[in-house]
Every structure is written in structure tokens, then in C-alpha cells.
Amino acid sequence: MKLKVKREEIQDSLQSIQGIVDKKSTMPILSHFLLKANETASLMATDLDIALKGPVKADILEKGSLCIPARKLFEIAREVEGDILLESQDNNWIKATSGKSTFKLMGLPEEDFPALPEVSKSEEMTIKAEILKDMIDKTVYATGESDTRYTLNGLLFHLIPQKKNIELKIVGTDGHRLSVIAVKIEGKLSEEKKLILPKKAAMELKKLIEGRTGSITLYIAKNHIFFSIDDIILTSRLIEGTYPNYEQVIPKGNEKKVVVDKMTFLKALKRTSIMSREKTNAVRFDLEAGKITLISMNPDIGEAREELEAQYKGDQMTVGYNARYIIDILQAMEGESVHIELQEPLSPSLLLDSDNKDYTCVIMPMRT
């Protein structure tokens, strides 16, 4: 194998797989990517759960293939200043030359690289890249972190076939908060499906589509989902198990309603939470006609208090929240104001974006 690539081209390609190649695995092959040079050049990387396959623009001088250490070649591409010539040598070595710099890396044979699942094209849907990225941004922060309820460690893709299109709902929850956003997408689906995409795959997908403006095609197989854009295919194994019934969690008929300017609320909450306990981030909300008073107390440090104007006409009420959770929600919202709907101090609260009726957030209060 012998090929010449522009430094920026190979650097960008290797950047896209750095989060996928497994640096700590007991299987050395998972820290490598497979470079194939036939009529065109392509690379593949996998950690056995997520895989990425994409084209590489290159002048192919001799055909061949080799598994190359992903981190080291990325570091080389980042530091050299000219085009890079890659040549395979005996015993799976690869030589990388750029200007007066020469590097030799020990590779592994193509046969050692794990087989990737084939794209199944039976169930196919399309969605604009920027819409999918926005949906992930608005939900992924609410997913669990290494939760023992492993189904919460991912995003639910709830696909509901309709007459002319498909409704896609993406849901994230960790049991304390929940975010759900809905959109109509094109495609055909034989039946309603609930797929759980691992959080790591969601973050890699988000990185992949950052700045892209085309459409993404989704393909669904029994245990995998495939995302295709610009000749790049991201494959992810799905989390097995049953996702909680998120629709049951969304409160209906809340009588107490608050409307507040989003940016004013966000800034005040950030200031007040400075004095909250680090573990709980608890901030107390005192609601009364026309205003909210935010209060945080930490016996070891002190306290903070701030008043802000709000549209509220109900009885006086005190409720506590994890400020970090509300800050995450407000940062994901785009409207100028946020609507908060409540019932009792310990009942789930609803947060709605004034500019997006398809985006719903739920947060469980804390004892004050």
C-alpha cells in the first residue's frame, strides 16, 4: 500500500475517530484504524459498540490495507507541515513521510480488524443534520451517567409511523429530570419502534454532524442503528432493555403557572447557585404574585438571595430544585421566556420553551 494524503485531510479524518478508538482496551486492534486503499481510500474504526467508516481523499500509488495506530498517526499529522506519504512495509510496518520527517509505526494486518455489521436498508428514514443535532443537544444532558438502570444511559428514539411521515421523539432522562423533543421526518416504517442509543454514540453522532447541512439517512437493524451522511456511516449497537414510560412522567393539568424571562432567570440562577451546596446544588424558589425569590444556603459558606420579576398569580409557594438541572434546561431552550407549570412542592414540574411547543422538560423538585 502506498498513498499520498494532504495533511489537513488525514488530520480531519483521524480527528473524527479519536472518540471511538479504544485506547485502554485489552485488545490492541481497537486502538488502531483500518486504512484501505483500492480505487478509493477509506478508513474504519470501532470499539465493538460504535463504528465509523468514511472516505479519505488520497492519491493512491499502490493498493493495499493495514491497521494503523490511530492516536500516533493523528499526532504525527497534527505536527508535520506538508503532505504525508504513507507506505506499508514488511511485517505490517507503515512508514509516514512528510518533508524531511520520517516516522515508522508498527501496524497490524487487516485480518485482525473486527468485522463491522452490514447496513440494513429495510427500515429507512431521513432527517436534516442540523435538526438531529439540535434534538440531541436538547436531550442528551438529561441522560444518566453510568446509571445502574442501564437503559437510562442512552437516548430513546421513539419512532411512530403516521400516514405521510414518521414522528420522531428523542427522550433523555436520569430519573430526576426528563427532556423530550418531537419532530416529523420522512421515511417508511413497518411499526412503532423504541430504540435506545448509547450516550457515547449520541455524542459521537453530534460531533460527526457538527457544521454539516445535508440530510442524514437512518437505517434500523435488529440490534444496530446506522447513520449515513456525506458517504460516512456511523454504526451503533443499541442498548437492550425497556425504556421507562416517559409519557406517564409528564404532568398534566398543573394549575400554578409562572412565566419568566429566560436570560434574566438563567443569570440569576447561576449567581444564586454559587452559594449552594456542591453535592445538591439546591436553590429554593419562593413564588408570590409578580415575582420569584431565589435563595441558596450553605452553612459552611453563607447564603445568596435574588429577586426577579415573573408572571405569577397563584398562592404563595416554596419549592426547591437542583439549580444545575434547571440551568441545563434553560441553556438548551431558544425562546425569550420560559413557562414553569407546578402543582405541589414535591410534584414533578413542567418547563416549556416559549418558542418550541414540541420541546418539553420535566424536573423533580427537592425538599427545601
# chains A, B, ... in the order shown; residues from 1 in each chain; ligands from 1
$ residues_around --residues "region 332-345 of chain A" --least-positions-apart "6" --cutoff "8 Å" --atoms "only C-alpha atoms" --output "list in words"
Asp137, Lys138, Asn254, Glu255, Lys256, Lys257, Val258, Val259, Val260, Asp261, Lys262, Met263, Met317, Thr318, Val319, Gly320, Leu351, Leu352, Asp353, Ser354, Asp355, Asn356 and Pro365 of chain A
$ write_last_selection --atoms "C-alpha atoms" --output "PDB file, in the first residue's frame"
ATOM      1  CA  ASP A 137     -28.438  18.975  22.249  1.00  0.00           C
ATOM      2  CA  LYS A 138     -31.863  19.372  23.823  1.00  0.00           C
ATOM      3  CA  ASN A 254     -50.768  21.814  36.533  1.00  0.00           C
ATOM      4  CA  GLU A 255     -52.669  24.775  37.987  1.00  0.00           C
ATOM      5  CA  LYS A 256     -49.805  27.029  39.096  1.00  0.00           C
ATOM      6  CA  LYS A 257     -48.108  28.740  36.151  1.00  0.00           C
ATOM      7  CA  VAL A 258     -45.091  31.023  36.015  1.00  0.00           C
ATOM      8  CA  VAL A 259     -43.666  32.921  33.028  1.00  0.00           C
ATOM      9  CA  VAL A 260     -40.200  34.449  33.364  1.00  0.00           C
ATOM     10  CA  ASP A 261     -37.622  35.972  31.012  1.00  0.00           C
ATOM     11  CA  LYS A 262     -35.204  33.174  30.185  1.00  0.00           C
ATOM     12  CA  MET A 263     -31.879  35.051  30.208  1.00  0.00           C
ATOM     13  CA  MET A 317     -45.458  28.638  47.321  1.00  0.00           C
ATOM     14  CA  THR A 318     -41.964  27.404  48.151  1.00  0.00           C
ATOM     15  CA  VAL A 319     -40.260  24.732  46.051  1.00  0.00           C
ATOM     16  CA  GLY A 320     -36.629  23.538  45.793  1.00  0.00           C
ATOM     17  CA  LEU A 351     -40.678  23.622  31.917  1.00  0.00           C
ATOM     18  CA  LEU A 352     -41.718  24.752  28.431  1.00  0.00           C
ATOM     19  CA  ASP A 353     -39.917  26.829  25.790  1.00  0.00           C
ATOM     20  CA  SER A 354     -41.987  29.813  24.625  1.00  0.00           C
ATOM     21  CA  ASP A 355     -40.692  29.293  21.051  1.00  0.00           C
ATOM     22  CA  ASN A 356     -40.950  25.499  20.720  1.00  0.00           C
ATOM     23  CA  PRO A 365     -38.276  19.139  42.960  1.00  0.00           C
TER      24      PRO A 365
END
$ residues_around --residues "Tyr150 (chain A)" --least-positions-apart "6" --cutoff "10 Å" --atoms "only C-alpha atoms" --output "PyMOL selection string"
chain A and resi 144+198+239-243
$ residues_around --residues "Lys72 (chain A)" --least-positions-apart "2" --cutoff "12 Å" --atoms "only C-alpha atoms" --output "list of chain:residue names"
A:Gln11, A:Leu14, A:Gln15, A:Gln18, A:Val21, A:Lys23, A:Ser31, A:His32, A:Phe33, A:Ile68, A:Pro69, A:Ala70, A:Phe74, A:Glu75, A:Ile76, A:Ala77, A:Arg78, A:Glu79, A:Ile94, A:Ala96, A:Phe103, A:Lys104, A:Leu105, A:Met106, A:Gly107
$ closest_residue --among "A:Asn153, A:Glu123, A:Lys252, A:Ser236" --to "Glu191 (chain A)" --atoms "only C-alpha atoms"
A:Glu123
$ select_by_dssp --residues "region 37-169 of chain A" --states "helix (DSSP H, G or I)" --output "number ranges by chain"
A: 70-79, 90-92, 110-112, 129-137, 140-142, 150-153
$ atom_distance --atom1 "CA of Asn322 (chain A)" --atom2 "CA of Thr360 (chain A)"
17.8 Å
$ residues_around --residues "Lys163 (chain A)" --least-positions-apart "6" --cutoff "12 Å" --atoms "only C-alpha atoms" --output "list in words"
Lys184, Ile185, Glu186, Gly187, Lys188, Leu189 and Ser190 of chain A
$ write_last_selection --atoms "N, CA and C atoms" --output "compact mmCIF listing (two decimals), in the first residue's frame"
# COMPACT_ATOMS: atom_id res chain seq x y z
N LYS A 184 -41.30 15.79 12.89
CA LYS A 184 -41.78 14.91 11.81
C LYS A 184 -40.62 14.68 10.84
N ILE A 185 -40.40 13.41 10.46
CA ILE A 185 -39.33 13.10 9.50
C ILE A 185 -39.90 12.24 8.36
N GLU A 186 -39.14 12.16 7.27
CA GLU A 186 -39.57 11.38 6.11
C GLU A 186 -39.09 9.94 6.23
N GLY A 187 -39.86 9.03 5.65
CA GLY A 187 -39.43 7.64 5.63
C GLY A 187 -40.59 6.68 5.76
N LYS A 188 -40.25 5.41 5.75
CA LYS A 188 -41.27 4.37 5.90
C LYS A 188 -40.88 3.46 7.06
N LEU A 189 -41.89 3.07 7.81
CA LEU A 189 -41.65 2.24 8.98
C LEU A 189 -42.80 1.26 9.10
N SER A 190 -42.46 -0.01 9.33
CA SER A 190 -43.50 -1.05 9.37
C SER A 190 -44.32 -0.97 10.66
$ residues_around --residues "Ile220 (chain A)" --least-positions-apart "3" --cutoff "7 Å" --atoms "only C-alpha atoms" --output "list in words"
Ser120, Glu123, Glu124, His224, Ile225 and Phe226 of chain A
$ residues_around --residues "Gly211 (chain A)" --least-positions-apart "6" --cutoff "10 Å" --atoms "only C-alpha atoms" --output "number ranges by chain"
A: 129-130, 133
$ write_last_selection --atoms "C-alpha atoms" --output "PDB file, in the first residue's frame"
ATOM      1  CA  ALA A 129     -28.437  17.137  10.049  1.00  0.00           C
ATOM      2  CA  GLU A 130     -28.956  20.403  11.927  1.00  0.00           C
ATOM      3  CA  LYS A 133     -28.025  17.798  16.213  1.00  0.00           C
TER       4      LYS A 133
END
$ atom_distance --atom1 "CA of Met364 (chain A)" --atom2 "CA of Ala282 (chain A)"
12.0 Å
$ residues_around --residues "Ala201 (chain A)" --least-positions-apart "2" --cutoff "10 Å" --atoms "only C-alpha atoms" --output "ChimeraX atom specification"
/A:19-20,49-51,154-155,197-199,203-207,234-238
$ atom_distance --atom1 "CA of Ser16 (chain A)" --atom2 "CA of Glu62 (chain A)"
25.1 Å
$ select_by_dssp --residues "region 96-178 of chain A" --states "strand (DSSP E or B)" --output "PDB file with C-alpha atoms, in the first residue's frame"
ATOM      1  CA  ALA A  96       4.937   8.017   7.120  1.00  0.00           C
ATOM      2  CA  THR A  97       6.997  10.678   5.355  1.00  0.00           C
ATOM      3  CA  SER A  98       6.395  14.426   5.279  1.00  0.00           C
ATOM      4  CA  SER A 101      10.401  13.962   8.642  1.00  0.00           C
ATOM      5  CA  THR A 102      10.090  10.173   8.607  1.00  0.00           C
ATOM      6  CA  PHE A 103       8.153   8.016  11.058  1.00  0.00           C
ATOM      7  CA  LYS A 104       7.786   4.254  11.295  1.00  0.00           C
ATOM      8  CA  LEU A 105       4.812   2.730  13.069  1.00  0.00           C
ATOM      9  CA  MET A 106       4.095  -0.905  13.832  1.00  0.00           C
ATOM     10  CA  LEU A 108      -1.487  -4.896  12.397  1.00  0.00           C
ATOM     11  CA  GLU A 123     -36.217   0.479   7.517  1.00  0.00           C
ATOM     12  CA  GLU A 124     -35.039   3.852   6.153  1.00  0.00           C
ATOM     13  CA  MET A 125     -35.690   7.450   7.263  1.00  0.00           C
ATOM     14  CA  THR A 126     -34.162  10.878   6.554  1.00  0.00           C
ATOM     15  CA  ILE A 127     -33.727  13.951   8.756  1.00  0.00           C
ATOM     16  CA  LYS A 128     -31.817  17.205   8.297  1.00  0.00           C
ATOM     17  CA  GLY A 154     -28.826   6.425  26.438  1.00  0.00           C
ATOM     18  CA  LEU A 155     -31.307   8.417  24.384  1.00  0.00           C
ATOM     19  CA  LEU A 156     -34.644   6.897  23.452  1.00  0.00           C
ATOM     20  CA  PHE A 157     -35.515   7.213  19.756  1.00  0.00           C
ATOM     21  CA  HIS A 158     -39.292   6.722  19.723  1.00  0.00           C
ATOM     22  CA  LEU A 159     -40.465   6.302  16.115  1.00  0.00           C
ATOM     23  CA  ILE A 160     -44.207   6.474  15.433  1.00  0.00           C
ATOM     24  CA  PRO A 161     -45.385   5.803  11.843  1.00  0.00           C
ATOM     25  CA  ILE A 166     -42.913   9.457  10.874  1.00  0.00           C
ATOM     26  CA  GLU A 167     -42.955  11.232  14.213  1.00  0.00           C
ATOM     27  CA  LEU A 168     -39.561  11.007  15.905  1.00  0.00           C
ATOM     28  CA  LYS A 169     -39.379  11.714  19.613  1.00  0.00           C
ATOM     29  CA  ILE A 170     -35.967  11.780  21.296  1.00  0.00           C
ATOM     30  CA  VAL A 171     -36.020  11.398  25.078  1.00  0.00           C
ATOM     31  CA  GLY A 172     -33.358  11.698  27.764  1.00  0.00           C
ATOM     32  CA  THR A 173     -33.869  11.035  31.472  1.00  0.00           C
ATOM     33  CA  ARG A 177     -35.236  15.115  35.104  1.00  0.00           C
ATOM     34  CA  LEU A 178     -36.591  14.383  31.651  1.00  0.00           C
TER      35      LEU A 178
END
$ closest_residue --among "A:Ile84, A:Leu48, A:Ile181, A:Leu208" --to "Ser25 (chain A)" --atoms "only C-alpha atoms"
A:Leu48
$ closest_residue --among "A:Arg324, A:Lys291, A:Lys24, A:Arg277" --to "Glu303 (chain A)" --atoms "only C-alpha atoms"
A:Arg277
$ closest_residue --among "A:Asn92, A:Gln316, A:Thr139, A:Thr272" --to "Ala202 (chain A)" --atoms "only C-alpha atoms"
A:Thr139
$ decode --residues "region 133-179 of chain A" --atoms "N, CA and C atoms" --output "short mmCIF file (atom, residue, chain, number, x, y, z; two decimals), in the first residue's frame"
data_model
loop_
_atom_site.label_atom_id
_atom_site.label_comp_id
_atom_site.auth_asym_id
_atom_site.auth_seq_id
_atom_site.Cartn_x
_atom_site.Cartn_y
_atom_site.Cartn_z
N LYS A 133 -28.99 17.27 15.23
CA LYS A 133 -28.02 17.80 16.21
C LYS A 133 -28.76 18.59 17.30
N ASP A 134 -29.72 19.42 16.89
CA ASP A 134 -30.48 20.21 17.84
C ASP A 134 -31.26 19.32 18.80
N MET A 135 -31.83 18.23 18.28
CA MET A 135 -32.60 17.32 19.13
C MET A 135 -31.70 16.63 20.16
N ILE A 136 -30.48 16.27 19.73
CA ILE A 136 -29.54 15.66 20.67
C ILE A 136 -29.12 16.68 21.74
N ASP A 137 -28.82 17.91 21.30
CA ASP A 137 -28.44 18.97 22.25
C ASP A 137 -29.51 19.18 23.32
N LYS A 138 -30.76 19.06 22.93
CA LYS A 138 -31.86 19.37 23.82
C LYS A 138 -32.23 18.20 24.75
N THR A 139 -31.60 17.06 24.59
CA THR A 139 -31.98 15.90 25.40
C THR A 139 -30.81 15.17 26.06
N VAL A 140 -29.63 15.19 25.44
CA VAL A 140 -28.55 14.31 25.90
C VAL A 140 -28.06 14.68 27.31
N TYR A 141 -28.18 15.94 27.70
CA TYR A 141 -27.73 16.35 29.04
C TYR A 141 -28.54 15.69 30.15
N ALA A 142 -29.76 15.24 29.83
CA ALA A 142 -30.63 14.64 30.85
C ALA A 142 -30.42 13.14 31.02
N THR A 143 -29.57 12.52 30.19
CA THR A 143 -29.35 11.07 30.29
C THR A 143 -28.54 10.73 31.54
N GLY A 144 -28.62 9.46 31.95
CA GLY A 144 -27.90 9.00 33.13
C GLY A 144 -26.41 8.87 32.87
N GLU A 145 -25.65 8.94 33.96
CA GLU A 145 -24.19 8.75 33.90
C GLU A 145 -23.88 7.44 34.61
N SER A 146 -23.55 6.41 33.86
CA SER A 146 -23.23 5.09 34.43
C SER A 146 -24.31 4.64 35.41
N ASP A 147 -25.54 4.90 35.08
CA ASP A 147 -26.65 4.54 35.94
C ASP A 147 -26.80 3.03 35.98
N THR A 148 -27.12 2.49 37.16
CA THR A 148 -27.32 1.04 37.26
C THR A 148 -28.55 0.61 36.45
N ARG A 149 -29.48 1.55 36.25
CA ARG A 149 -30.59 1.29 35.32
C ARG A 149 -30.05 1.61 33.93
N TYR A 150 -29.40 0.62 33.33
CA TYR A 150 -28.58 0.87 32.15
C TYR A 150 -29.35 1.47 30.98
N THR A 151 -30.67 1.26 30.92
CA THR A 151 -31.43 1.84 29.80
C THR A 151 -31.44 3.37 29.87
N LEU A 152 -31.19 3.94 31.05
CA LEU A 152 -31.18 5.40 31.18
C LEU A 152 -29.85 6.00 30.69
N ASN A 153 -28.86 5.15 30.38
CA ASN A 153 -27.56 5.64 29.92
C ASN A 153 -27.56 5.91 28.41
N GLY A 154 -28.73 6.17 27.87
CA GLY A 154 -28.83 6.43 26.44
C GLY A 154 -30.04 7.28 26.12
N LEU A 155 -30.16 7.65 24.86
CA LEU A 155 -31.31 8.42 24.38
C LEU A 155 -32.33 7.47 23.77
N LEU A 156 -33.58 7.67 24.09
CA LEU A 156 -34.64 6.90 23.45
C LEU A 156 -35.02 7.56 22.13
N PHE A 157 -34.98 6.79 21.05
CA PHE A 157 -35.52 7.21 19.76
C PHE A 157 -36.87 6.52 19.61
N HIS A 158 -37.94 7.27 19.81
CA HIS A 158 -39.29 6.72 19.72
C HIS A 158 -39.85 7.09 18.36
N LEU A 159 -40.03 6.10 17.50
CA LEU A 159 -40.47 6.30 16.11
C LEU A 159 -41.91 5.84 15.96
N ILE A 160 -42.78 6.77 15.55
CA ILE A 160 -44.21 6.47 15.43
C ILE A 160 -44.65 6.71 13.99
N PRO A 161 -44.96 5.62 13.24
CA PRO A 161 -45.39 5.80 11.84
C PRO A 161 -46.74 6.51 11.75
N GLN A 162 -46.83 7.47 10.82
CA GLN A 162 -48.08 8.17 10.57
C GLN A 162 -48.43 8.05 9.09
N LYS A 163 -49.52 8.67 8.66
CA LYS A 163 -49.99 8.48 7.28
C LYS A 163 -48.96 8.88 6.24
N LYS A 164 -48.38 10.09 6.39
CA LYS A 164 -47.48 10.61 5.35
C LYS A 164 -46.04 10.71 5.81
N ASN A 165 -45.79 10.53 7.09
CA ASN A 165 -44.42 10.65 7.58
C ASN A 165 -44.26 9.86 8.88
N ILE A 166 -43.19 10.14 9.61
CA ILE A 166 -42.91 9.46 10.87
C ILE A 166 -42.68 10.53 11.94
N GLU A 167 -43.27 10.33 13.10
CA GLU A 167 -42.96 11.23 14.21
C GLU A 167 -41.78 10.62 14.98
N LEU A 168 -40.73 11.42 15.12
CA LEU A 168 -39.56 11.01 15.91
C LEU A 168 -39.54 11.80 17.20
N LYS A 169 -39.56 11.08 18.31
CA LYS A 169 -39.38 11.71 19.61
C LYS A 169 -38.05 11.22 20.19
N ILE A 170 -37.21 12.15 20.62
CA ILE A 170 -35.97 11.78 21.30
C ILE A 170 -36.12 12.17 22.76
N VAL A 171 -35.78 11.22 23.64
CA VAL A 171 -36.02 11.40 25.08
C VAL A 171 -34.74 11.10 25.86
N GLY A 172 -34.46 11.96 26.83
CA GLY A 172 -33.36 11.70 27.76
C GLY A 172 -33.87 11.83 29.19
N THR A 173 -33.49 10.91 30.05
CA THR A 173 -33.87 11.04 31.47
C THR A 173 -32.86 10.30 32.34
N ASP A 174 -32.67 10.80 33.56
CA ASP A 174 -31.85 10.10 34.55
C ASP A 174 -32.67 9.77 35.80
N GLY A 175 -33.99 9.92 35.69
CA GLY A 175 -34.85 9.64 36.83
C GLY A 175 -35.17 10.86 37.67
N HIS A 176 -34.34 11.92 37.56
CA HIS A 176 -34.58 13.16 38.29
C HIS A 176 -35.12 14.25 37.38
N ARG A 177 -34.80 14.13 36.10
CA ARG A 177 -35.24 15.11 35.10
C ARG A 177 -35.48 14.39 33.79
N LEU A 178 -36.25 15.01 32.93
CA LEU A 178 -36.59 14.38 31.65
C LEU A 178 -36.72 15.47 30.59
N SER A 179 -36.19 15.21 29.40
CA SER A 179 -36.37 16.12 28.27
C SER A 179 -36.84 15.31 27.08
#
